[in-house]
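**Student:** This is model.pdb (PDB, C-alpha atoms).
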```pdb
ATOM      1  CA  MET A   1       0.000   0.000   0.000
ATOM      2  CA  GLU A   2       2.857   2.378   0.824
ATOM      3  CA  GLN A   3       4.556   1.640  -2.484
ATOM      4  CA  TRP A   4       1.317   2.199  -4.395
ATOM      5  CA  ASP A   5       0.788   5.459  -2.516
ATOM      6  CA  ARG A   6       4.236   6.658  -3.639
ATOM      7  CA  LEU A   7       3.460   5.587  -7.211
ATOM      8  CA  LEU A   8       0.204   7.567  -7.188
ATOM      9  CA  ARG A   9       1.789  10.751  -5.881
ATOM     10  CA  MET A  10       5.247  10.763  -7.467
ATOM     11  CA  ARG A  11       5.021   8.933 -10.790
ATOM     12  CA  LEU A  12       1.359   9.416 -11.667
ATOM     13  CA  GLY A  13       1.096  12.917 -10.213
ATOM     14  CA  ARG A  14      -2.156  12.328  -8.321
ATOM     15  CA  SER A  15      -3.098  15.033  -5.829
ATOM     16  CA  ASP A  16      -2.978  14.352  -2.086
ATOM     17  CA  ASN A  17      -6.783  14.235  -1.957
ATOM     18  CA  THR A  18      -7.020  11.757  -4.837
ATOM     19  CA  ALA A  19      -4.291   9.526  -3.411
ATOM     20  CA  ARG A  20      -5.982   9.490   0.006
ATOM     21  CA  ALA A  21      -9.350   8.661  -1.578
ATOM     22  CA  TYR A  22      -7.866   5.819  -3.648
ATOM     23  CA  LEU A  23      -6.099   4.349  -0.631
ATOM     24  CA  ALA A  24      -9.296   4.506   1.433
ATOM     25  CA  ASP A  25     -11.174   2.758  -1.385
ATOM     26  CA  ILE A  26      -8.658  -0.083  -1.516
ATOM     27  CA  ARG A  27      -8.654  -0.532   2.255
ATOM     28  CA  GLN A  28     -12.449  -0.884   2.145
ATOM     29  CA  LEU A  29     -12.175  -3.342  -0.740
ATOM     30  CA  LEU A  30      -9.639  -5.492   1.112
ATOM     31  CA  GLU A  31     -11.836  -5.438   4.206
ATOM     32  CA  PHE A  32     -14.807  -6.548   2.091
ATOM     33  CA  CYS A  33     -12.695  -9.417   0.724
ATOM     34  CA  SER A  34     -11.433 -10.285   4.244
ATOM     35  CA  VAL A  35      -7.827  -9.711   3.198
ATOM     36  CA  PRO A  36      -5.451  -8.190   5.785
ATOM     37  CA  LEU A  37      -3.027  -5.515   4.600
ATOM     38  CA  ASP A  38      -0.055  -7.837   5.157
ATOM     39  CA  ALA A  39      -1.612 -10.773   3.295
ATOM     40  CA  PRO A  40       0.737 -12.895   1.145
ATOM     41  CA  ALA A  41       0.455 -12.778  -2.620
ATOM     42  CA  ALA A  42      -1.400 -16.102  -2.781
ATOM     43  CA  ASP A  43      -4.203 -14.769  -0.565
ATOM     44  CA  LEU A  44      -4.485 -11.604  -2.654
ATOM     45  CA  ALA A  45      -4.699 -13.597  -5.867
ATOM     46  CA  ALA A  46      -7.377 -15.860  -4.387
ATOM     47  CA  SER A  47      -9.500 -13.009  -3.023
ATOM     48  CA  LEU A  48      -9.141 -10.208  -5.583
ATOM     49  CA  THR A  49     -11.192 -11.921  -8.254
ATOM     50  CA  THR A  50     -13.301 -10.129 -10.829
ATOM     51  CA  ARG A  51     -16.387 -11.586  -9.161
ATOM     52  CA  ASN A  52     -15.456 -10.137  -5.768
ATOM     53  CA  LEU A  53     -14.530  -6.769  -7.257
ATOM     54  CA  ARG A  54     -17.896  -6.567  -9.024
ATOM     55  CA  ALA A  55     -19.697  -7.596  -5.830
ATOM     56  CA  TRP A  56     -18.003  -4.800  -3.898
ATOM     57  CA  LEU A  57     -18.864  -2.198  -6.530
ATOM     58  CA  ALA A  58     -22.441  -3.479  -6.727
ATOM     59  CA  GLY A  59     -22.730  -3.039  -2.980
ATOM     60  CA  ARG A  60     -21.530   0.546  -3.301
ATOM     61  CA  THR A  61     -24.181   1.199  -5.928
ATOM     62  CA  THR A  62     -27.051  -0.298  -3.910
ATOM     63  CA  THR A  63     -26.109   1.684  -0.774
ATOM     64  CA  ASN A  64     -26.842   4.944  -2.605
ATOM     65  CA  HIS A  65     -23.278   6.085  -3.234
ATOM     66  CA  ALA A  66     -23.165   8.739  -5.949
ATOM     67  CA  ARG A  67     -22.293   7.583  -9.460
ATOM     68  CA  SER A  68     -19.187   9.747  -9.354
ATOM     69  CA  THR A  69     -18.053   7.984  -6.168
ATOM     70  CA  VAL A  70     -18.596   4.511  -7.633
ATOM     71  CA  ALA A  71     -16.734   5.572 -10.774
ATOM     72  CA  ARG A  72     -13.818   6.685  -8.594
ATOM     73  CA  ASN A  73     -13.984   3.383  -6.669
ATOM     74  CA  ALA A  74     -13.673   1.492  -9.967
ATOM     75  CA  ALA A  75     -10.769   3.668 -11.087
ATOM     76  CA  ALA A  76      -8.978   3.008  -7.805
ATOM     77  CA  VAL A  77      -9.504  -0.743  -8.147
ATOM     78  CA  ARG A  78      -8.312  -0.822 -11.770
ATOM     79  CA  GLY A  79      -5.218   1.154 -10.837
ATOM     80  CA  PHE A  80      -4.428  -1.068  -7.860
ATOM     81  CA  THR A  81      -4.897  -4.422  -9.612
ATOM     82  CA  GLY A  82      -2.908  -3.152 -12.595
ATOM     83  CA  TYR A  83      -0.116  -2.194 -10.209
ATOM     84  CA  LEU A  84      -0.211  -5.638  -8.533
ATOM     85  CA  LEU A  85       0.007  -7.300 -11.954
ATOM     86  CA  ALA A  86       3.011  -5.181 -12.913
ATOM     87  CA  GLU A  87       4.710  -6.073  -9.622
ATOM     88  CA  GLY A  88       4.116  -9.796 -10.192
ATOM     89  CA  VAL A  89       1.796 -10.123  -7.194
ATOM     90  CA  LEU A  90      -1.183 -11.138  -9.343
ATOM     91  CA  PRO A  91      -0.946 -13.483 -12.346
ATOM     92  CA  THR A  92      -3.741 -11.636 -14.171
ATOM     93  CA  ASP A  93      -5.515  -8.296 -13.822
ATOM     94  CA  PRO A  94      -9.052  -8.894 -12.463
ATOM     95  CA  GLY A  95      -9.870  -5.176 -12.495
ATOM     96  CA  SER A  96      -9.240  -4.624 -16.193
ATOM     97  CA  VAL A  97     -12.755  -5.730 -17.162
ATOM     98  CA  LEU A  98     -14.620  -3.584 -14.633
ATOM     99  CA  GLU A  99     -17.198  -1.220 -16.069
ATOM    100  CA  VAL A 100     -19.485   1.175 -14.212
ATOM    101  CA  ALA A 101     -22.016   3.776 -15.244
ATOM    102  CA  LYS A 102     -20.519   7.130 -16.105
ATOM    103  CA  PRO A 103     -20.977   9.935 -13.562
ATOM    104  CA  ASP A 104     -23.983  12.179 -14.056
ATOM    105  CA  SER A 105     -23.161  15.152 -16.275
ATOM    106  CA  ARG A 106     -25.444  17.469 -14.334
ATOM    107  CA  LEU A 107     -25.192  21.193 -14.805
ATOM    108  CA  PRO A 108     -23.440  22.933 -11.934
ATOM    109  CA  THR A 109     -25.340  25.027  -9.395
ATOM    110  CA  VAL A 110     -24.900  28.706 -10.171
ATOM    111  CA  LEU A 111     -25.844  31.712  -8.061
ATOM    112  CA  ALA A 112     -27.005  34.931  -9.652
ATOM    113  CA  GLN A 113     -24.559  37.823  -9.486
ATOM    114  CA  ASN A 114     -26.743  39.706  -7.013
ATOM    115  CA  GLU A 115     -26.929  36.608  -4.749
ATOM    116  CA  VAL A 116     -23.143  36.398  -4.625
ATOM    117  CA  GLY A 117     -23.034  40.121  -3.864
ATOM    118  CA  VAL A 118     -25.382  39.697  -0.894
ATOM    119  CA  LEU A 119     -23.355  36.729   0.391
ATOM    120  CA  LEU A 120     -20.011  38.531   0.198
ATOM    121  CA  GLU A 121     -21.425  41.716   1.678
ATOM    122  CA  ARG A 122     -22.709  39.770   4.671
ATOM    123  CA  ALA A 123     -19.260  38.212   5.159
ATOM    124  CA  ARG A 124     -17.658  41.678   5.058
ATOM    125  CA  GLU A 125     -20.131  43.132   7.543
ATOM    126  CA  GLU A 126     -19.588  40.302  10.031
ATOM    127  CA  ALA A 127     -15.813  40.684   9.745
ATOM    128  CA  GLU A 128     -15.857  44.454  10.209
ATOM    129  CA  GLU A 129     -18.345  44.563  13.070
ATOM    130  CA  GLY A 130     -16.006  42.357  15.117
ATOM    131  CA  SER A 131     -18.554  40.090  16.804
ATOM    132  CA  GLY A 132     -17.166  36.994  15.084
ATOM    133  CA  GLY A 133     -13.584  37.759  16.063
ATOM    134  CA  VAL A 134     -10.553  36.965  13.964
ATOM    135  CA  GLU A 135     -12.243  33.887  12.461
ATOM    136  CA  ALA A 136     -14.876  36.103  10.835
ATOM    137  CA  VAL A 137     -12.100  38.077   9.140
ATOM    138  CA  ARG A 138     -10.523  34.827   7.940
ATOM    139  CA  ASP A 139     -13.856  33.562   6.617
ATOM    140  CA  TRP A 140     -14.454  36.841   4.776
ATOM    141  CA  ALA A 141     -11.065  36.556   3.062
ATOM    142  CA  ALA A 142     -11.652  32.881   2.261
ATOM    143  CA  VAL A 143     -15.064  33.369   0.656
ATOM    144  CA  GLU A 144     -13.900  36.415  -1.308
ATOM    145  CA  LEU A 145     -10.927  34.482  -2.694
ATOM    146  CA  LEU A 146     -12.999  31.376  -3.461
ATOM    147  CA  TYR A 147     -15.246  33.426  -5.728
ATOM    148  CA  SER A 148     -12.740  35.959  -7.050
ATOM    149  CA  ALA A 149     -10.168  33.370  -8.168
ATOM    150  CA  ALA A 150     -12.626  30.470  -8.736
ATOM    151  CA  LEU A 151     -10.724  28.155  -6.404
ATOM    152  CA  ARG A 152     -11.485  24.602  -5.393
ATOM    153  CA  VAL A 153     -11.727  24.355  -1.611
ATOM    154  CA  ALA A 154      -8.662  22.060  -1.489
ATOM    155  CA  GLU A 155      -6.718  24.697  -3.432
ATOM    156  CA  LEU A 156      -7.824  27.397  -1.017
ATOM    157  CA  VAL A 157      -6.718  25.624   2.168
ATOM    158  CA  GLY A 158      -3.440  24.596   0.509
ATOM    159  CA  LEU A 159      -2.393  28.180  -0.201
ATOM    160  CA  ASN A 160       0.714  29.648   1.383
ATOM    161  CA  LEU A 161       1.445  33.267   2.233
ATOM    162  CA  ASP A 162       3.948  33.630  -0.590
ATOM    163  CA  ASP A 163       1.347  32.432  -3.120
ATOM    164  CA  ILE A 164      -0.363  35.831  -2.873
ATOM    165  CA  ASP A 165       1.058  38.641  -5.011
ATOM    166  CA  PHE A 166      -0.682  41.852  -3.980
ATOM    167  CA  ALA A 167       1.230  43.979  -6.489
ATOM    168  CA  ALA A 168      -0.059  41.924  -9.433
ATOM    169  CA  GLN A 169      -3.276  40.888  -7.629
ATOM    170  CA  THR A 170      -2.700  37.243  -8.517
ATOM    171  CA  VAL A 171      -2.582  33.985  -6.610
ATOM    172  CA  ARG A 172      -0.389  30.978  -7.437
ATOM    173  CA  ILE A 173      -2.440  27.781  -7.176
ATOM    174  CA  ARG A 174      -1.442  24.133  -6.956
ATOM    175  CA  GLY A 175      -4.359  22.316  -8.553
ATOM    176  CA  LYS A 176      -5.229  18.724  -9.390
ATOM    177  CA  GLY A 177      -2.249  16.555 -10.199
ATOM    178  CA  ASN A 178       0.032  19.215  -8.649
ATOM    179  CA  LYS A 179      -0.422  21.385 -11.735
ATOM    180  CA  GLN A 180       0.236  25.049 -11.081
ATOM    181  CA  ARG A 181      -1.613  28.033 -12.447
ATOM    182  CA  VAL A 182      -1.870  31.727 -11.677
ATOM    183  CA  ALA A 183      -5.280  33.372 -11.320
ATOM    184  CA  PRO A 184      -6.182  37.038 -10.804
ATOM    185  CA  PHE A 185      -8.270  38.293  -7.911
ATOM    186  CA  GLY A 186     -10.138  41.558  -7.518
ATOM    187  CA  VAL A 187      -9.953  44.589  -5.251
ATOM    188  CA  PRO A 188     -12.545  43.308  -2.718
ATOM    189  CA  ALA A 189     -10.609  40.053  -2.306
ATOM    190  CA  SER A 190      -7.361  42.009  -1.930
ATOM    191  CA  ARG A 191      -8.930  44.156   0.798
ATOM    192  CA  ALA A 192     -10.209  41.090   2.657
ATOM    193  CA  LEU A 193      -6.864  39.258   2.395
ATOM    194  CA  LYS A 194      -4.959  42.241   3.762
ATOM    195  CA  ALA A 195      -7.383  42.471   6.676
ATOM    196  CA  TRP A 196      -6.909  38.756   7.413
ATOM    197  CA  ILE A 197      -3.110  38.787   7.174
ATOM    198  CA  ALA A 198      -3.057  41.745   9.596
ATOM    199  CA  VAL A 199      -4.740  39.603  12.297
ATOM    200  CA  ARG A 200      -3.531  36.128  11.252
ATOM    201  CA  SER A 201      -1.008  35.999  14.114
ATOM    202  CA  GLU A 202      -3.879  35.839  16.618
ATOM    203  CA  LEU A 203      -4.556  32.244  15.536
ATOM    204  CA  GLU A 204      -0.916  31.194  15.429
ATOM    205  CA  SER A 205       0.401  28.582  17.849
ATOM    206  CA  PRO A 206       3.877  27.083  18.359
ATOM    207  CA  SER A 207       2.924  24.265  15.987
ATOM    208  CA  SER A 208       1.431  26.496  13.291
ATOM    209  CA  PRO A 209       2.828  26.011   9.767
ATOM    210  CA  ALA A 210       4.625  29.286   9.124
ATOM    211  CA  SER A 211       3.813  29.231   5.437
ATOM    212  CA  ALA A 212       0.052  28.527   5.579
ATOM    213  CA  LEU A 213      -2.170  31.388   4.455
ATOM    214  CA  PHE A 214      -5.307  30.275   6.293
ATOM    215  CA  LEU A 215      -5.193  28.912   9.843
ATOM    216  CA  GLY A 216      -7.790  27.049  11.870
ATOM    217  CA  LYS A 217      -8.896  27.790  15.416
ATOM    218  CA  ARG A 218      -6.102  25.679  16.936
ATOM    219  CA  GLY A 219      -3.392  27.174  14.738
ATOM    220  CA  GLY A 220      -3.065  24.403  12.154
ATOM    221  CA  ARG A 221      -3.740  24.753   8.459
ATOM    222  CA  LEU A 222      -7.446  25.449   7.876
ATOM    223  CA  ASP A 223      -9.487  22.305   7.161
ATOM    224  CA  ALA A 224     -11.714  22.157   4.073
ATOM    225  CA  ARG A 225     -14.620  20.908   6.207
ATOM    226  CA  ILE A 226     -14.517  24.110   8.263
ATOM    227  CA  VAL A 227     -14.734  26.156   5.062
ATOM    228  CA  ARG A 228     -17.720  24.147   3.812
ATOM    229  CA  GLY A 229     -19.576  24.342   7.112
ATOM    230  CA  GLY A 230     -18.884  28.041   7.494
ATOM    231  CA  LEU A 231     -20.144  28.776   3.994
ATOM    232  CA  HIS A 232     -23.381  26.861   4.581
ATOM    233  CA  ARG A 233     -24.008  28.877   7.750
ATOM    234  CA  LEU A 234     -23.069  32.162   6.064
ATOM    235  CA  SER A 235     -25.534  31.539   3.228
ATOM    236  CA  ALA A 236     -28.279  30.949   5.798
ATOM    237  CA  ARG A 237     -27.491  34.198   7.616
ATOM    238  CA  ALA A 238     -27.331  36.072   4.311
ATOM    239  CA  GLN A 239     -30.686  34.520   3.326
ATOM    240  CA  VAL A 240     -29.479  33.313  -0.059
ATOM    241  CA  ARG A 241     -29.588  29.810  -1.528
ATOM    242  CA  ASP A 242     -27.466  27.298   0.353
ATOM    243  CA  VAL A 243     -24.043  27.142  -1.271
ATOM    244  CA  ALA A 244     -20.925  25.022  -1.115
ATOM    245  CA  PRO A 245     -17.423  26.223  -2.058
ATOM    246  CA  HIS A 246     -17.651  24.585  -5.490
ATOM    247  CA  ASP A 247     -20.840  26.523  -6.209
ATOM    248  CA  LEU A 248     -18.852  29.748  -5.907
ATOM    249  CA  ARG A 249     -16.284  28.384  -8.369
ATOM    250  CA  HIS A 250     -19.054  27.494 -10.831
ATOM    251  CA  SER A 251     -20.682  30.874 -10.311
ATOM    252  CA  SER A 252     -17.441  32.753 -10.896
ATOM    253  CA  ALA A 253     -16.822  30.986 -14.220
ATOM    254  CA  THR A 254     -20.400  31.444 -15.395
ATOM    255  CA  HIS A 255     -20.446  35.139 -14.527
ATOM    256  CA  LEU A 256     -17.270  35.631 -16.574
ATOM    257  CA  LEU A 257     -18.920  33.996 -19.580
ATOM    258  CA  GLU A 258     -22.075  36.062 -19.073
ATOM    259  CA  GLU A 259     -19.952  39.196 -19.245
ATOM    260  CA  GLY A 260     -18.283  38.104 -22.489
ATOM    261  CA  ALA A 261     -15.100  36.327 -21.365
ATOM    262  CA  ASP A 262     -13.442  33.981 -23.879
ATOM    263  CA  LEU A 263     -13.907  30.267 -23.192
ATOM    264  CA  ARG A 264     -10.160  29.614 -23.497
ATOM    265  CA  PHE A 265      -9.480  32.229 -20.828
ATOM    266  CA  VAL A 266     -12.015  30.580 -18.518
ATOM    267  CA  GLN A 267     -10.337  27.214 -19.149
ATOM    268  CA  ASP A 268      -6.974  28.595 -17.976
ATOM    269  CA  TYR A 269      -8.638  30.478 -15.139
ATOM    270  CA  LEU A 270     -10.201  27.273 -13.795
ATOM    271  CA  GLY A 271      -7.181  25.085 -14.486
ATOM    272  CA  HIS A 272      -9.077  22.628 -16.674
ATOM    273  CA  ALA A 273      -6.917  20.272 -18.716
ATOM    274  CA  SER A 274      -9.648  19.861 -21.319
ATOM    275  CA  LEU A 275     -11.774  22.524 -22.972
ATOM    276  CA  GLN A 276     -14.627  20.004 -22.961
ATOM    277  CA  THR A 277     -14.814  20.307 -19.166
ATOM    278  CA  THR A 278     -15.067  24.090 -19.409
ATOM    279  CA  GLN A 279     -17.780  23.873 -22.057
ATOM    280  CA  ARG A 280     -20.254  22.764 -19.383
ATOM    281  CA  TYR A 281     -20.457  26.417 -18.429
ATOM    282  CA  THR A 282     -21.684  27.389 -21.874
ATOM    283  CA  HIS A 283     -24.681  25.109 -21.270
ATOM    284  CA  VAL A 284     -25.417  26.986 -18.057
ATOM    285  CA  ASP A 285     -25.155  30.294 -19.883
ATOM    286  CA  SER A 286     -27.433  29.036 -22.680
ATOM    287  CA  ARG A 287     -29.985  27.915 -20.133
ATOM    288  CA  ARG A 288     -30.016  31.375 -18.579
ATOM    289  CA  LEU A 289     -30.312  32.921 -22.010
ATOM    290  CA  ARG A 290     -33.424  30.851 -22.671
ATOM    291  CA  GLU A 291     -34.880  31.839 -19.304
ATOM    292  CA  VAL A 292     -34.374  35.525 -20.071
ATOM    293  CA  TYR A 293     -35.855  35.057 -23.554
ATOM    294  CA  GLN A 294     -38.935  33.306 -22.229
ATOM    295  CA  ARG A 295     -39.454  35.988 -19.606
ATOM    296  CA  SER A 296     -38.699  39.038 -21.722
ATOM    297  CA  HIS A 297     -39.286  38.517 -25.435
ATOM    298  CA  PRO A 298     -42.733  39.637 -26.674
ATOM    299  CA  ARG A 299     -42.974  36.682 -29.082
ATOM    300  CA  ALA A 300     -41.634  34.033 -26.693
TER
END
```
Written as structure tokens, how would this file's structure read?

**Tutor:**
Amino acid sequence: MEQWDRLLRMRLGRSDNTARAYLADIRQLLEFCSVPLDAPAADLAASLTTRNLRAWLAGRTTTNHARSTVARNAAAVRGFTGYLLAEGVLPTDPGSVLEVAKPDSRLPTVLAQNEVGVLLERAREEAEEGSGGVEAVRDWAAVELLYSAALRVAELVGLNLDDIDFAAQTVRIRGKGNKQRVAPFGVPASRALKAWIAVRSELESPSSPASALFLGKRGGRLDARIVRGGLHRLSARAQVRDVAPHDLRHSSATHLLEEGADLRFVQDYLGHASLQTTQRYTHVDSRRLREVYQRSHPRA
């Protein structure tokens, strides 16, 4: 498992989150097959059969796991059994024939521009009034940067202080597969970040990572779950639709397209490897165009 973990991260360039998810999937698979982690090769070969792999995936499907999760489970299994074959642990690759339904290609949730404005204004007010303490200032900066630079939540919490360039108003981001990109951020995000950095030391502890941009209550690097929970609560207080961090990323990209941004620019801005992934946002924009047409055109 340790060797496969190193292969995922170093040779295949999988992100920390992806590697952790794959490892968790395989541990659950081995538990399902009653195979201990230190099992000899003969036990692995006897237990990791195509039939058992399909039974495990079928169980994931019937227990209401999302299609995207089951697809990731299958990808983890195929990668692991392929690795065991290459290492000579398995005589054949039982995972090579696995097939699962493709993940749903649902349109992303998108907030209207005025909804995002209300949300961010509420975050600013709570930070400036002081009742939420230093954490309210941090949360204001986090939500502003999530939307302004269209960040994934894992990218946000992985940022370091030296990733922020206030002179150029850009942020250096380590995305999926450790790919780096640079994204711009606006004046409101810059103002919020400066306010947070001015009080960041109040959350520092002797064990705090000196480089981390965002810190949690105990001084460690901010956890993505705290960001998600805080954003859900903020949306309730702001009385807008419930949002998750990824909704702000989707909204940021869609608003750029609504205002005439080039699709190739949005692809680079989001860090998408394929333009096909970015083209989902044109469907969102087209849907909104139809809604406006139906509501406004006299011959609709």

**Student:** Please determine, counting only C-alpha atoms, which residue among A:Asn114, A:Lys194, A:Asn73, A:Ala183 has the shortest atom-to-atom distance to A:Gly95.

**Tutor:**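 Of the candidates, the smallest distance to A:Gly95 is held by A:Asn73.
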
**Student:** Counting only C-alpha atoms, which residues come within 9 Å of (-7.2, 16.6, -14.8), with the point read in the file's coordinates, and could you list them as a ChimeraX atom specification?

**Tutor:** /A:175-177,179,271-274

**Student:** If you keep C-alpha atoms, can you produce a file of those selected residues as a PDB file, in the coordinates of the input?

**Tutor:**
```pdb
ATOM      1  CA  GLY A 175      -4.359  22.316  -8.553  1.00  0.00           C
ATOM      2  CA  LYS A 176      -5.229  18.724  -9.390  1.00  0.00           C
ATOM      3  CA  GLY A 177      -2.249  16.555 -10.199  1.00  0.00           C
ATOM      4  CA  LYS A 179      -0.422  21.385 -11.735  1.00  0.00           C
ATOM      5  CA  GLY A 271      -7.181  25.085 -14.486  1.00  0.00           C
ATOM      6  CA  HIS A 272      -9.077  22.628 -16.674  1.00  0.00           C
ATOM      7  CA  ALA A 273      -6.917  20.272 -18.716  1.00  0.00           C
ATOM      8  CA  SER A 274      -9.648  19.861 -21.319  1.00  0.00           C
TER       9      SER A 274
END
```

**Student:** So which residues touch stretch 200-210 of chain A within 8 Å, counting all atoms listed in the file, skipping near sequence neighbours fewer than 6 positions away, as a PDB file with C-alpha atoms, keeping the file's coordinate frame?

**Tutor:**
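Just written: out_33.pdb:
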```pdb
ATOM      1  CA  VAL A 134     -10.553  36.965  13.964  1.00  0.00           C
ATOM      2  CA  ARG A 138     -10.523  34.827   7.940  1.00  0.00           C
ATOM      3  CA  GLY A 216      -7.790  27.049  11.870  1.00  0.00           C
ATOM      4  CA  LYS A 217      -8.896  27.790  15.416  1.00  0.00           C
ATOM      5  CA  ARG A 218      -6.102  25.679  16.936  1.00  0.00           C
ATOM      6  CA  GLY A 219      -3.392  27.174  14.738  1.00  0.00           C
ATOM      7  CA  GLY A 220      -3.065  24.403  12.154  1.00  0.00           C
ATOM      8  CA  ARG A 221      -3.740  24.753   8.459  1.00  0.00           C
TER       9      ARG A 221
END
```

**Student:** Within 12 Å of A:Leu30, counting all atoms listed in the file, which residues show up once you throw out same-chain ones fewer than 4 positions away? Write them as a list in words, please.

**Tutor:**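 The residues satisfying every condition are Met1, Leu23, Ala24, Asp25, Ile26, Ser34, Val35, Pro36, Leu37, Asp38, Ala39, Asp43, Leu44, Ala45, Ala46, Ser47, Leu48, Thr49, Asn52, Leu53, Trp56, Val77, Phe80 and Thr81 of chain A.
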
**Student:** One decimal, Å: what's the distance from atom CA of A:Ala244 over to atom CA of A:Val227, could you say?

**Tutor:** 8.8 Å

**Student:** Expressed in Å to a single decimal, how great is the separation between atom CA of A:Arg249 and atom CA of A:Ser148?

**Tutor:** 8.5 Å

**Student:** What does the distance between atom CA of A:Val110 and atom CA of A:Asp247 come to in Å, to one decimal place?

**Tutor:** 6.1 Å

**Student:** Assuming the chain letters and numbering stay as they are in my file, what does the PyMOL selection byres ((chain A and resi 239) around 12) actually select? List them as a ChimeraX atom specification.

**Tutor:** /A:115-122,232-238,240-243

**Student:** Between A:Val137, A:Leu8, A:Leu213, A:Ile164, which has the minimum distance to A:Ala149 (counting only C-alpha atoms)?

**Tutor:**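 Closest residue, counting only C-alpha atoms: A:Ile164.
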
**Student:** Please determine, counting all atoms listed in the file, which residue among A:Arg27, A:Arg51, A:His65, A:Arg9 has the shortest atom-to-atom distance to A:Val97.

**Tutor:** A:Arg51

**Student:** List the residues matched by the PyMOL selection byres ((chain A and resi 187) around 10) in the displayed structure as a count of residues only, ordered by chain and then by residue number.

**Tutor:** 12

**Student:** Using only C-alpha atoms and a cutoff of 10 Å, can you tell me which residues are near (-17.6, 25.4, -3.0) in the file's coordinates, and write them out as a PyMOL selection string?

**Tutor:** chain A and resi 143+146-147+150-154+224+227-228+231-232+243-251

**Student:** With distances taken over all atoms listed in the file, which residue among A:Arg54, A:Arg6, A:His255, A:Arg174 lies nearest A:Leu111?

**Tutor:** A:His255

**Student:** Tell me which of A:Ala261, A:Leu85, A:Val100, A:Ala127 sits closest to A:Val70, counting all atoms listed in the file.

**Tutor:**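 When distances to A:Val70 are compared using all atoms listed in the file, the smallest one comes from A:Val100.
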
**Student:** Restricting the calculation to only C-alpha atoms: of A:Ala253, A:Ala66, A:Leu7, A:Ala167, which residue gets closest to A:Tyr83?

**Tutor:**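 Ranking A:Ala253, A:Ala66, A:Leu7, A:Ala167 by distance to A:Tyr83, first place goes to A:Leu7.
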
**Student:** Output, as JSON, the centre and edge lengths in Å (one decimal) of the axis-aligned box that contains all listed atoms of stretch 115-122 of chain A with 4 Å of margin on each side.

**Tutor:**
```
{"center_x": -23.5, "center_y": 39.1, "center_z": 0.0, "size_x": 14.9, "size_y": 13.3, "size_z": 17.4}
```
